[in-house]
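A quick write-up on the structure given underneath.
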Amino acid sequence: MNPLNRLFELISVENATTIKTEVLARHFLLALEGESDIYPLSIVDIEKLVEAIDKGKFDRYTGRRPRPDSEYDEILFALMEAWQWLLGKAYIAQKPHHTATYHVVTGGPSYFITKLGLEYISEHKHLLENHKLE
């Protein structure tokens with residue numbers, strides 16, 4: 001399941017732009033649980049967002065979406081702000097370009113959830129079982 005789908009199971013779409021950045025960021029972190037290679041530009045993406053919040057209620061041929069473009073953009077900006085908050089608090093970090101096993105990261109930077117981020121997830125896993133934040 002796409003992290004955005006998981007995120008919008010935790011919070012309502014309307015709350016994505018109204019809750020505090022750190023609250024959105026922490027829910028975003030919970031939604032990223034289990035992801036080993038995190039590419040933010042492939043997650044915080046208009047196509048993935050439309051699919052996650054409108055579940056295919058858009059016309060793929062004309063590109064018409066059920067919401068105004070400005071609403072999608074507002075959510076995308078809120079998500080990137082939350083992403084930056086996670087980086088700043090060291091809940092996520094960029095993976096090294098080369099590792100000891102000569103693994104080369106291609107296609108843009110890849111991120112991982114840090115020990116601090118994993119600790120937060122384990123302490124707040126109960127939020128994944130609760131209902132949406134209204």
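As shown in the structure tokens, the chain order sets the letters A, B, ...; within each chain, residues go from 1, and ligands are also counted from 1 in the order they appear.
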Q.
According to DSSP computed on the backbone, where in chain A is there alpha helix (DSSP H)? Give the residues as a ChimeraX atom specification.
A. /A:3-10,21-32,40-43,46-54,69-88,115-123
Q: Just list the residues in range 7-132 of chain A DSSP gives strand (DSSP E) on the backbone, as a ChimeraX atom specification.
A: /A:92-94,111-113
Q: Identify which of the residues A:Asn15, A:Ser70, A:Thr114, A:Thr21 lies closest to Ala90 in chain A, counting only C-alpha atoms when measuring atom-to-atom distances.
A: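 Closest to Ala90 in chain A of all the choices is A:Thr114.
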Q) Which of these, A:Tyr120, A:Asn5, A:Glu22, A:Tyr111, has the shortest distance to Trp85 in chain A once you count only C-alpha atoms? A) A:Glu22
Q. Looking at only C-alpha atoms, which of A:Leu86, A:Ala52, A:Glu14, A:Met1 is the one that sits closest to Glu71 in chain A?
A.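 For Glu71 in chain A, the nearest of the candidates is A:Glu14.
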Q: In Å, rounded to a single decimal, give me how far CA of Leu24 in chain A is from CA of Pro96 in chain A.
A: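 Interatomic distance, CA of Pro96 in chain A to CA of Leu24 in chain A: 26.5 Å.
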**Q.** Two-atom distance - CA of His124 in chain A, CA of Ile46 in chain A (Å)
**A.** 28.4 Å
**Q.** CA of Arg65 in chain A to CA of Val13 in chain A, distance in Å rounded to a single decimal
**A.**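 For CA of Arg65 in chain A relative to CA of Val13 in chain A, the distance reads 15.2 Å.
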Q.
Considering only C-alpha atoms, can you say which of A:Ser42, A:Ile53, A:Ile11, A:Phe112 comes closest to Ala25 in chain A?
A.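 Once distances to Ala25 in chain A are computed over only C-alpha atoms, the minimum belongs to A:Ile11.
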